[in-house]
Structure formats: C-alpha cells, structure tokens
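Heads up, the thing below is written out as structure tokens.
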Amino acid sequence: MAELTWRDALNHALSEEMERDANVFLMGEEVARYNGAYKVSQGLLDKFGSARVVDAPISELGFAGLGVGAAMVGLRPVIEMMTWNFAILAMDQIVNNAAKLRHMSGGQLRCPIVFRGPNGAGGRLSSQHSQSLEANYAHFPGLKILAPSTPADAKGLLKAAIRDDNPVIFLEAELLYGVKGEVPAGEHLLPIGKADLKRQGKDCTIVTWSRMYYFAEQAAQQLEQEGIHVDLLDLRTLKPLDEEAILTSVKKTHRLVVVEEGWSFCGLGAQIADLVQLKAFDDLDAPVERVTGLDVNRSYAANLEKATEVSTERIVAAVKQAMYREEGS
Amino acid sequence: MAPAISKDTALSMYRHMYLIRRFEERAAQAYTQGKINGFCHLYIGQEAVAVGVTEALRPNDYQISAYRDHGYPLTRGADPGMVMAELFGRSTGYCKGKGGSMHIFDVEHYILGGYGIVGGQIPLAAGTAFASRYRGEDRVTVCYFGEAAANQGSFHETLNMASKWALPVIFLCENNRYGMGTAFARVSPLPEVYKRASAYAMRGENVDGMDVIKVYEAVRDCAAHCRAGKGPVLLETNTYRYRGHSMSDPATYRTKGEVELKRKDDPIPKLRQWAVETLKIPEADFEAIDIEVKAAVDAAVKFADQSPEPSLDELHTDIFVEQGEEDVRPRERVHGIKVEWPSYPSGQTLKVTWDLEPREQAEEADQKAGLKQPAARA
C-alpha cells in the first residue's frame with residue numbers, strides 16, 4: 001500500500017477505470033490542459049487524448065446534460081463540477097433528467113453517469129462558495145450519493161461509482177484534496193451503500209461522513225482520554241443509507257450524535273434522527289444530538305466563519321450531553 | 001413542390017401524417033371522456049414536421065423531443081395501441097404507464113423520449129451526438145424543440161458546445177408561434193430563431209413546416225451536412241398547431257381568422273392533392289389508406305381501453321437499475337415480439353480515434369498568444 005493524497009487517489013481511480021473501459025470519459029471545466037482546478041485529472045489528457053478528457057466551456061447545465069445524453073446511449077461519463085455550488089446551475093439536468101430517465105422510459109434507458117467535485121467549505125470563501133449540498137440531492141429518488149472521507153475509500157468508491165449503472169453524486173471536499181492516507185494499489189473496489197465503523201466503543205455512537213470524519217476522530221481521541229469510548233460510523237454512502245449499520249451501533253451504545261458540515265434545517269442528520277426514533281426508540285437512553293453548521297450564510301470574516309463551523313469541541317460537548325455528563329466534569 | 005420523391009415515399013408520408021392526425025383526434029376524444037388525464041399536448045397541424053424528418057433520416061438516427069410527443073414514434077413504426085395505452089396510463093403503454101403523454105420513449109425505434117421541462121432535452125441531444133462522434137459512427141441526432149425553448153439557457157449552452165465540437169445534431173425548431181399563450185415576438189427581439197445560429201458560427205436556415213416535402217428535403221440536406229462532419233445545423237420549421245397548447249387551453253390569444261387561414265394550409269390535404277395531380281397517384285389509394293388508418297386507430301383506442309392499470313409492484317421498479325438487470329423492451333414485454341435493440345461496443349473493444357482538440361491546434365494558439373516560443377534554431 002502506498003500513501004497517497006486524496007487527489008492522487010481519485011486520479012488513480014479515474015485513470016484505472018478509463019484504461020479498463022473506453023466508454024468512460026471525463027468532462028468538466030479545466031480538466032484537460034490545466035490538469036484540473038484541483039489537479040485531480042493531472043496527466044489524464046496526455047494519457048487518454050482530447051475526446052476522453054474534455055475541457056468544457058463554463059456551461060454547467062449544458063455539459064451536465066451532454067453527459068446524461070451520452071450515458072443514455074452507452075457511454076459512461078464522469079462529469080467534474082469545479083464545485084457543487086456551480087452545479088446548482090445543472091440541477092435541472094441532474095434531477096429532472098438523470099434521476100428520472102429510467103423511470104420515465106419505463107425501464108428502457110439507463111443513465112450510468114458520475115457527477116463529482118468538491119462540496120462544502122473551502123475556507124474564507126463567503127456564502128456562495130461554501131455550501132454543503134448533499135441534502136438537496138439526497139431528497140430525490142433515483143440518485144445515489146457518495147461522500148467518503150479517506151483517500152482509500154475515495155478511490156474504492158469512485159471506481160464503484162463509475163461501474164454503477166445509475167447516476168451517482170460523488171462529493172469530495174476542497175479541504176480534503178491534500179489529506180494523505182494508505183491506498184491499496186490497483187483493483188480496490190468498495191460496495192456502494194455500506195458504512196464503515198472506523199472506531200469502536202461502547203458509550204456513544206457518532207455518525208458522520210466526508211470531511212467531518214476527521215473532526216469526529218479528533219473528538220473521539222479526546223473523549224477516550226476522559227474514559228468515553230465511541231463507535232465512530234463513517235457513512236461513506238449517504239444514499240442508499242446503511243440503516244442497518246446505524247441501528248446496530250445505536251442498539252449497542254444507546255446514544256447517538258450526528259455530525260454534518262451542512263445546515264441543520266432539513267439536513268441529513270434530521271433524517272437519521274428520524275430513522276432512529278422510529279426503529280430504535282426503546283434503545284435510546286438520550287435524545288439524538290446533532291452537531292451541524294450554523295443555519296446562517298457563511299461569512300468571509302475569519303471570526304464569523306469560525307463561529308459558523310463544526311468544531312471538535314462542539315462534538316465533544318454533544319457526546320457529553322448525550323451521556324448526561326456536565327461539560328468539563 | 002419539387003417532385004423528387006417516389007410514389008411510395010409520398011404514400012408513406014401521407015399514411016404517417018394521417019395516422020398522427022387521426023390518433024390525436026381520438027386522443028382528444030378520449031381526454032374529454034376522462035380516459036386520458038393530466039397534460040395532453042396535441043400535434044394536430046404540425047404533422048409535416050415529424051413525418052418529413054423521419055422520411056429523410058436513417059431508421060437508427062436518434063430523435064429526441066419535448067412533450068408534444070405522440071407523433072414522433074408513430075412515424076417510425078411504433079405500435080399505436082401501446083402509445084395510446086401510455087396516454088391512458090395502462091401497463092401496456094411504452095413506458096408501463098409511468099411516463100404518460102409527455103414522456104413517450106420507443107428506444108427500439110431510436111426515439112429517445114419526450115421531455116417535460118422546456119429546453120431540457122436540448123443538452124441531451126448534444127450528448128447522444130457526442131457519443132456518435134466518440135465511437136466514429138456517422139449517426140445523426142435530431143433534437144425537436146418549440147420556438148419558446150430557444151429562450152432557455154440550455155439552448156444557448158448546447159449550440160455553443162455542439163458547434164465548437166462539430167457534433168452531428170440537427171436542432172429542429174418547431175416554430176408554432178406560441179409558447180403556450182405567449183406569441184414569440186412578444187418575448188423575443190429577434191423573432192426568427194434560425195438567425196441565432198450565426199452567434200454560434202453554425203449553419204442556420206428555415207423551411208415551411210406546413211409542407212412535408214420541403215421539410216424532407218431540408219432535413220436530408222442537413223443530415224448530409226452533419227454526417228460529413230461539418231457540424232450541427234439549426235433548422236427552423238414554420239408550423240402551426242390547430243389546437244390549444246394543451247387540452248385545457250381554449251387558445252383565446254389567437255384570432256379565429258388566423259386559425260382559419262392556417263387551416264387552408266393544412267399539410268395533409270396539400271400533400272394528397274399534389275400527389276394526385278403531380279405523381280398521378282389514384283385517389284383510391286388514399287381512400288384505402290384512410291380506411292386502414294381509421295381502423296388501426298380504433299383498434300389502438302380499444303387496446304388501450306381494455307388494458308389493465310400497472311401493478312402496484314411497479315411502484316418500486318425503474319427507480320434504480322439493479323446489478324445485471326436488463327433494459328425493458330416494450331414490444332417484447334407487451335406482445336412477446338422479439339425486437340432488435342440498440343447495441344454499442346463494449347469499453348474493452350472500442351477504440352476512440354476522435355481528436356476533439358488536436359494538440360497542434362492548441363499549441364499554435366499558445367504560440368500566437370506568446371505562451372510558447374517556436375523551437376529555437378540550432
């Protein structure tokens with residue numbers, strides 16, 4: 001196993017899948033000659049040529065739809081969004097076409113396409129460039145939503161996403177691209193829809209995904225020093241949700257904290273809390289706690305931005321709250 | 001009209017135009033009887049467009065459209081009973097009753113669907129054409145849309161990409177003059193849609209959409225242009241719908257005089273008269289077609305009416321494709337008929353030879369911009 005950054009893990013996944021299957025192509029802004037706005041596609045133009053690594057004009061709706069059309073007739077496009085904030089312009093193609101094609105056609109067509117790019121905060125980018133948009137996409141039937149945290153999971157799930165016959169929303173994070181981790185070489189595939197229990201403990205469950213995993217891991221380490229041991233469940237796939245993994249852990253620890261970068265209102269944490277109150281009500285020893293971004297637009301000013309964000313301290317406090325322990329006791 | 005078509009082609013054009021007309025009249029009747037619900041957009045008046053297009057294309061060229069979409073599959077030999085059953089919301093419909101009037105897909109005949117968001121199908125057409133170039137096929141995509149869709153961003157974004165990458169698409173505007181109740185000129189400073197092609201350095205022209213032979217000739221020429229790798233075309237057909245936008249629209253935004261004038265230009269009797277006079281096809285041949293078509297549409301309505309609603313088990317199917325799941329072939333599913341289905345090379349056998357942006361071209365542009373100097377002389 002080699003230690004790779006997130007961006008290199010994605011690069012390997014893309015390169016391996018494009019080599020394996022000539023129907024796979026990559027299209028997006030700056031993916032070819034510039035080698036990717038975040039260098040995820042470094043070297044792919046030279047390797048695969050200009051029809052398979054395509055610099056698109058700044059037309060998110062247009063090239064997202066082009067991808068859907070190509071997928072309808074047998075290609076397997078990977079559409080890079082420079083950020084998911086820009087992909088809001090492409091929402092019509094993703095939601096009204098990609099997600100509904102199989103259904104509207106009564107099963108005649110399929111849409112094997114991956115939309116991928118960075119989601120969430122980039123740091124000091126103000127409100128338009130800092131949004132966590134997974135809940136928006138998770139709302140619609142017909143889309144699979146992936147949001148891994150480690151480079152190894154990113155590689156294994158991107159390869160699985162490219163091979164899947166359905167539209168997949170693949171959420172990366174600008175602040176993760178430089179993060180390193182051990183990544184298996186070559187054929188490393190992970191199943192879509194399976195969460196990963198990244199740390200085991202009997203006292204409380206933390207459910208999280210994407211970049212928030214690292215905050216949760218830090219919180220878990222801190223809590224361990226105080227004798228509190230948590231189950232840390234990294235969802236990796238947000239839809240289809242691994243309900244079994246969540247319920248199994250909650251039935252063990254009887255307490256749940258959900259950590260997400262996005263806003264609280266209608267966030268995925270609310271969905272998970274609903275699942276748990278419905279299917280594990282009698283197992284709960286405390287209300288489900290949620291740690292989320294503040295329900296406000298994110299500011300540029302450093303102090304305002306910091307006050308908006310999820311922090312390790314807030315996660316630690318939430319776990320203690322779920323365990324009815326006074327902060328600092 | 002130029003007489004450059006055979007008697008068989010003329011008869012086929014007549015048969016298909018009359019089939020659409022009759023089908024739509026019976027659909028309107030079924031709607032008033034409460035057998036069809038929701039939105040139902042009739043193609044009456046515009047038949048020369050779809051029929052002219054299909055006669056001019058190869059059977060495996062792609063066609064994709066907006067939601068006024070019952071006619072397109074009928075031009076390609078779709079089963080009228082199964083189209084009607086889709087309108088009735090029955091299990092024997094092309095899409096199992098899940099799509100309804102606005103979403104008729106007949107993939108067997110390369111009809112890639114009707115789409116309900118204005119302009120939403122336009123980028124898809126660039127995608128199917130991109131796939132054709134990617135595989136080195138000489139297949140053409142025809143993308144139908146109404147004139148009002150030319151004011152959507154999707155239209156402009158797609159024409160820009162399609163022209164830059166020389167994608168083989170005929171962007172076929174059916175200008176029936178009204179986006180629902182809004183006359184195009186009220187919301188567009190340039191009322192001729194085809195002129196917008198010049199903004200994207202592509203071929204653009206217009207043709208009388210009430211004349212099936214003119215449409216046929218124009219589309220043949222455009223298709224040859226696309227197949228030769230010369231890029232897309234924006235072809236505007238000037239047509240007219242005799243009915244309202246949908247079944248619930250009384251169309252009070254147009255004068256009776258305007259509609260009456262357009263009715264005199266009805267493409268169906270016009271072709272018939274021309275074929276009798278110029279090609280000397282006996283009237284009796286047309287009368288025979290009329291009888292056949294009426295019987296076929298009667299049978300279609302009966303088939304739809306007698307078909308069951310979809311099973312509730314269908315609620316949860318066709319949301320996700322499961323591993324190893326095959327695509328549904330409607331005529332096989334409904335009638336047990338073995339059909340030929342579109343197939344494409346696997347990613348292990350496909351060789352992509354298309355160079356979308358040749359390196360020399362890119363480097364030349366760099367040199368012009370002063371980014372890279374030519375190699376220094378030894």
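Within each chain, counting starts at residue 1; across the structure tokens, chains are named A, B, ... in the order shown, with ligands numbered 1 upward in that order.
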Contacts of A:Ala307 at 12 Å (only C-alpha atoms; same-chain gap of 2+ positions) as an MDAnalysis selection string: chainID A and resid 292:305 309:311 313:314
As a ChimeraX atom specification, list the residues of stretch 263-353 of chain B assigned to helix (DSSP H, G or I) by DSSP on the backbone atoms of this structure. /B:263,267-278,283-306,312-316,330-335
Per residue of chain A within 7 Å of chain B, note the shortest atom pair and the distance in Å to one decimal, counting only C-alpha atoms, and order the rows by chain and increasing residue number, as JSON lines.
```
{"residue": "A:Arg20", "atom": "CA", "partner": "B:Gln348", "partner_atom": "CA", "distance": 6.8}
{"residue": "A:Asp21", "atom": "CA", "partner": "B:Gly347", "partner_atom": "CA", "distance": 4.1}
{"residue": "A:Ala22", "atom": "CA", "partner": "B:Gly347", "partner_atom": "CA", "distance": 4.3}
{"residue": "A:Asn23", "atom": "CA", "partner": "B:Gly347", "partner_atom": "CA", "distance": 4.8}
{"residue": "A:Gly49", "atom": "CA", "partner": "B:Asp355", "partner_atom": "CA", "distance": 6.8}
{"residue": "A:Ser50", "atom": "CA", "partner": "B:Leu356", "partner_atom": "CA", "distance": 5.2}
{"residue": "A:Ala51", "atom": "CA", "partner": "B:Leu356", "partner_atom": "CA", "distance": 4.9}
{"residue": "A:Ser59", "atom": "CA", "partner": "B:Glu157", "partner_atom": "CA", "distance": 5.9}
{"residue": "A:Leu61", "atom": "CA", "partner": "B:Ser154", "partner_atom": "CA", "distance": 6.6}
{"residue": "A:Gly62", "atom": "CA", "partner": "B:Glu157", "partner_atom": "CA", "distance": 5.2}
{"residue": "A:Gly65", "atom": "CA", "partner": "B:Pro123", "partner_atom": "CA", "distance": 4.7}
{"residue": "A:Leu66", "atom": "CA", "partner": "B:Gly127", "partner_atom": "CA", "distance": 3.9}
{"residue": "A:Gly67", "atom": "CA", "partner": "B:Gly127", "partner_atom": "CA", "distance": 5.7}
{"residue": "A:Val68", "atom": "CA", "partner": "B:Leu124", "partner_atom": "CA", "distance": 6.1}
{"residue": "A:Gly69", "atom": "CA", "partner": "B:Leu124", "partner_atom": "CA", "distance": 3.9}
{"residue": "A:Ala70", "atom": "CA", "partner": "B:Gly127", "partner_atom": "CA", "distance": 4.2}
{"residue": "A:Val73", "atom": "CA", "partner": "B:Thr128", "partner_atom": "CA", "distance": 6.3}
{"residue": "A:Gly74", "atom": "CA", "partner": "B:Tyr344", "partner_atom": "CA", "distance": 6.5}
{"residue": "A:Leu75", "atom": "CA", "partner": "B:Ala131", "partner_atom": "CA", "distance": 6.7}
{"residue": "A:Gln93", "atom": "CA", "partner": "B:Gly120", "partner_atom": "CA", "distance": 6.9}
{"residue": "A:Arg102", "atom": "CA", "partner": "B:Asp318", "partner_atom": "CA", "distance": 5.5}
{"residue": "A:His103", "atom": "CA", "partner": "B:Asp318", "partner_atom": "CA", "distance": 4.8}
{"residue": "A:Met104", "atom": "CA", "partner": "B:Gly99", "partner_atom": "CA", "distance": 4.6}
{"residue": "A:Ser105", "atom": "CA", "partner": "B:Cys95", "partner_atom": "CA", "distance": 5.1}
{"residue": "A:Gly106", "atom": "CA", "partner": "B:Cys95", "partner_atom": "CA", "distance": 3.9}
{"residue": "A:Gly107", "atom": "CA", "partner": "B:Val328", "partner_atom": "CA", "distance": 5.1}
{"residue": "A:Gln108", "atom": "CA", "partner": "B:Val328", "partner_atom": "CA", "distance": 4.8}
{"residue": "A:Leu109", "atom": "CA", "partner": "B:Asp327", "partner_atom": "CA", "distance": 6.5}
{"residue": "A:Pro141", "atom": "CA", "partner": "B:Ile319", "partner_atom": "CA", "distance": 6.9}
{"residue": "A:Gly142", "atom": "CA", "partner": "B:Ile319", "partner_atom": "CA", "distance": 5.2}
{"residue": "A:Asp165", "atom": "CA", "partner": "B:Val321", "partner_atom": "CA", "distance": 6.2}
{"residue": "A:Asn166", "atom": "CA", "partner": "B:Val321", "partner_atom": "CA", "distance": 6.3}
```
Please produce a file of those selected residues containing N, CA and C atoms, as an mmCIF file, in the first residue's frame.
```cif
data_model
loop_
_atom_site.group_PDB
_atom_site.id
_atom_site.type_symbol
_atom_site.label_atom_id
_atom_site.label_comp_id
_atom_site.auth_asym_id
_atom_site.auth_seq_id
_atom_site.Cartn_x
_atom_site.Cartn_y
_atom_site.Cartn_z
ATOM 1 N N ARG A 20 -9.482 0.660 -18.257
ATOM 2 C CA ARG A 20 -10.251 -0.585 -18.290
ATOM 3 C C ARG A 20 -11.408 -0.510 -19.271
ATOM 4 N N ASP A 21 -11.988 0.708 -19.442
ATOM 5 C CA ASP A 21 -13.247 0.842 -20.172
ATOM 6 C C ASP A 21 -13.205 2.112 -21.028
ATOM 7 N N ALA A 22 -13.127 1.931 -22.339
ATOM 8 C CA ALA A 22 -13.009 3.085 -23.245
ATOM 9 C C ALA A 22 -14.292 3.895 -23.325
ATOM 10 N N ASN A 23 -15.379 3.385 -22.755
ATOM 11 C CA ASN A 23 -16.614 4.172 -22.730
ATOM 12 C C ASN A 23 -16.591 5.254 -21.655
ATOM 13 N N GLY A 49 -6.076 11.401 -24.336
ATOM 14 C CA GLY A 49 -6.441 12.178 -25.516
ATOM 15 C C GLY A 49 -7.630 13.095 -25.291
ATOM 16 N N SER A 50 -7.863 13.966 -26.285
ATOM 17 C CA SER A 50 -8.765 15.098 -26.082
ATOM 18 C C SER A 50 -10.248 14.763 -26.233
ATOM 19 N N ALA A 51 -10.582 13.552 -26.698
ATOM 20 C CA ALA A 51 -12.003 13.193 -26.734
ATOM 21 C C ALA A 51 -12.428 12.544 -25.423
ATOM 22 N N SER A 59 -20.467 26.095 -18.776
ATOM 23 C CA SER A 59 -21.880 25.863 -19.093
ATOM 24 C C SER A 59 -22.319 24.640 -18.299
ATOM 25 N N LEU A 61 -25.031 23.589 -16.846
ATOM 26 C CA LEU A 61 -26.268 22.936 -17.287
ATOM 27 C C LEU A 61 -26.020 22.183 -18.591
ATOM 28 N N GLY A 62 -25.326 22.838 -19.507
ATOM 29 C CA GLY A 62 -25.086 22.261 -20.827
ATOM 30 C C GLY A 62 -24.264 20.996 -20.774
ATOM 31 N N GLY A 65 -25.942 18.047 -18.996
ATOM 32 C CA GLY A 65 -26.940 17.426 -19.865
ATOM 33 C C GLY A 65 -26.301 16.635 -20.991
ATOM 34 N N LEU A 66 -25.202 17.149 -21.518
ATOM 35 C CA LEU A 66 -24.472 16.398 -22.544
ATOM 36 C C LEU A 66 -24.057 15.037 -21.974
ATOM 37 N N GLY A 67 -23.597 15.050 -20.738
ATOM 38 C CA GLY A 67 -23.212 13.790 -20.106
ATOM 39 C C GLY A 67 -24.390 12.830 -19.988
ATOM 40 N N VAL A 68 -25.539 13.347 -19.590
ATOM 41 C CA VAL A 68 -26.722 12.486 -19.449
ATOM 42 C C VAL A 68 -27.095 11.878 -20.805
ATOM 43 N N GLY A 69 -27.057 12.699 -21.844
ATOM 44 C CA GLY A 69 -27.369 12.197 -23.183
ATOM 45 C C GLY A 69 -26.401 11.115 -23.625
ATOM 46 N N ALA A 70 -25.121 11.310 -23.349
ATOM 47 C CA ALA A 70 -24.111 10.313 -23.729
ATOM 48 C C ALA A 70 -24.318 9.019 -22.942
ATOM 49 N N VAL A 73 -26.992 6.509 -24.211
ATOM 50 C CA VAL A 73 -26.664 5.674 -25.368
ATOM 51 C C VAL A 73 -25.332 4.959 -25.165
ATOM 52 N N GLY A 74 -25.030 4.625 -23.931
ATOM 53 C CA GLY A 74 -23.990 3.632 -23.686
ATOM 54 C C GLY A 74 -22.639 4.117 -23.201
ATOM 55 N N LEU A 75 -22.367 5.433 -23.228
ATOM 56 C CA LEU A 75 -21.085 5.868 -22.672
ATOM 57 C C LEU A 75 -21.211 5.966 -21.145
ATOM 58 N N GLN A 93 -30.758 19.266 -15.086
ATOM 59 C CA GLN A 93 -30.310 18.074 -15.818
ATOM 60 C C GLN A 93 -30.106 16.891 -14.882
ATOM 61 N N ARG A 102 -34.641 6.464 -16.133
ATOM 62 C CA ARG A 102 -35.021 5.056 -16.044
ATOM 63 C C ARG A 102 -36.531 4.945 -15.826
ATOM 64 N N HIS A 103 -37.018 5.778 -14.960
ATOM 65 C CA HIS A 103 -38.434 5.726 -14.596
ATOM 66 C C HIS A 103 -39.337 6.169 -15.738
ATOM 67 N N MET A 104 -39.044 7.353 -16.297
ATOM 68 C CA MET A 104 -39.916 7.892 -17.349
ATOM 69 C C MET A 104 -39.970 6.972 -18.558
ATOM 70 N N SER A 105 -38.854 6.280 -18.816
ATOM 71 C CA SER A 105 -38.806 5.426 -20.006
ATOM 72 C C SER A 105 -39.346 4.033 -19.697
ATOM 73 N N GLY A 106 -39.858 3.820 -18.516
ATOM 74 C CA GLY A 106 -40.382 2.504 -18.157
ATOM 75 C C GLY A 106 -39.312 1.424 -18.236
ATOM 76 N N GLY A 107 -38.083 1.793 -17.882
ATOM 77 C CA GLY A 107 -37.007 0.804 -17.843
ATOM 78 C C GLY A 107 -36.281 0.591 -19.159
ATOM 79 N N GLN A 108 -36.577 1.432 -20.176
ATOM 80 C CA GLN A 108 -35.902 1.244 -21.475
ATOM 81 C C GLN A 108 -34.486 1.804 -21.478
ATOM 82 N N LEU A 109 -34.257 2.853 -20.697
ATOM 83 C CA LEU A 109 -32.949 3.505 -20.721
ATOM 84 C C LEU A 109 -32.327 3.476 -19.326
ATOM 85 N N PRO A 141 -35.528 10.764 -5.407
ATOM 86 C CA PRO A 141 -35.371 9.358 -5.779
ATOM 87 C C PRO A 141 -34.550 9.255 -7.071
ATOM 88 N N GLY A 142 -33.778 8.204 -7.200
ATOM 89 C CA GLY A 142 -33.079 7.952 -8.464
ATOM 90 C C GLY A 142 -31.625 8.369 -8.477
ATOM 91 N N ASP A 165 -24.592 1.424 -12.756
ATOM 92 C CA ASP A 165 -25.449 1.756 -13.891
ATOM 93 C C ASP A 165 -26.447 2.866 -13.597
ATOM 94 N N ASN A 166 -26.262 3.557 -12.496
ATOM 95 C CA ASN A 166 -27.189 4.629 -12.105
ATOM 96 C C ASN A 166 -26.436 5.949 -11.980
#
```
Taking the DSSP assignment computed from this structure's backbone, write out as a ChimeraX atom specification all residues of stretch 86-282 of chain B that belong to strand (DSSP E or B). /B:106,111-114,141-146,169-175,178-179,182-183,203-208,233-238
Residues within 12 Å of stretch 188-194 of chain B, please, as a compact mmCIF listing (two decimals) with C-alpha atoms, in the first residue's frame. Count only C-alpha atoms; anything in the same chain fewer than 4 positions from it doesn't count.
```
# COMPACT_ATOMS: atom_id res chain seq x y z
CA PHE B 145 -37.99 21.83 -29.55
CA GLY B 146 -40.52 24.63 -29.72
CA GLU B 147 -39.53 28.19 -30.53
CA ALA B 148 -40.05 29.24 -26.91
CA ALA B 149 -37.28 26.83 -25.82
CA ALA B 150 -34.83 28.96 -27.81
CA ASN B 151 -35.02 31.45 -24.94
CA GLN B 152 -33.75 28.91 -22.41
CA PHE B 155 -30.41 26.10 -25.96
CA HIS B 156 -27.53 28.56 -26.00
CA LEU B 159 -25.47 25.19 -29.51
CA ILE B 170 -29.98 18.91 -36.28
CA PHE B 171 -31.52 21.32 -33.81
CA LEU B 172 -35.01 21.29 -35.20
CA CYS B 173 -37.11 24.17 -34.03
CA GLU B 174 -40.84 23.68 -34.50
CA ASN B 175 -41.94 27.28 -34.52
CA ASN B 176 -45.71 27.11 -33.98
CA ARG B 177 -45.60 30.78 -32.96
CA TYR B 178 -46.91 30.46 -29.40
CA GLY B 179 -45.15 29.38 -26.21
CA THR B 182 -47.35 33.97 -25.48
CA ALA B 183 -46.60 34.93 -29.07
CA PHE B 184 -42.88 34.51 -29.65
CA SER B 198 -24.86 32.86 -36.53
CA ALA B 199 -23.99 33.57 -32.89
CA TYR B 200 -22.52 30.08 -32.71
CA ALA B 201 -20.87 30.02 -36.15
CA MET B 202 -23.13 27.26 -37.36
CA ARG B 203 -25.45 26.71 -40.28
CA GLY B 204 -28.97 28.02 -39.73
CA GLU B 205 -31.98 28.15 -42.04
CA ASN B 206 -35.73 27.97 -42.08
CA VAL B 207 -38.26 25.99 -44.04
CA VAL B 233 -27.46 22.78 -38.06
CA LEU B 234 -30.22 24.93 -36.63
CA LEU B 235 -33.26 24.25 -38.80
CA GLU B 236 -36.39 26.25 -38.08
CA THR B 237 -39.67 24.88 -39.37
CA ASN B 238 -42.52 27.37 -39.51
```
Residues within 9 Å of A:Ile162, only C-alpha atoms, excluding chain neighbours under 3 positions, as a VMD selection string: chain A and resid 14 17 24 76 to 78 112 to 114 157 to 159 165 168
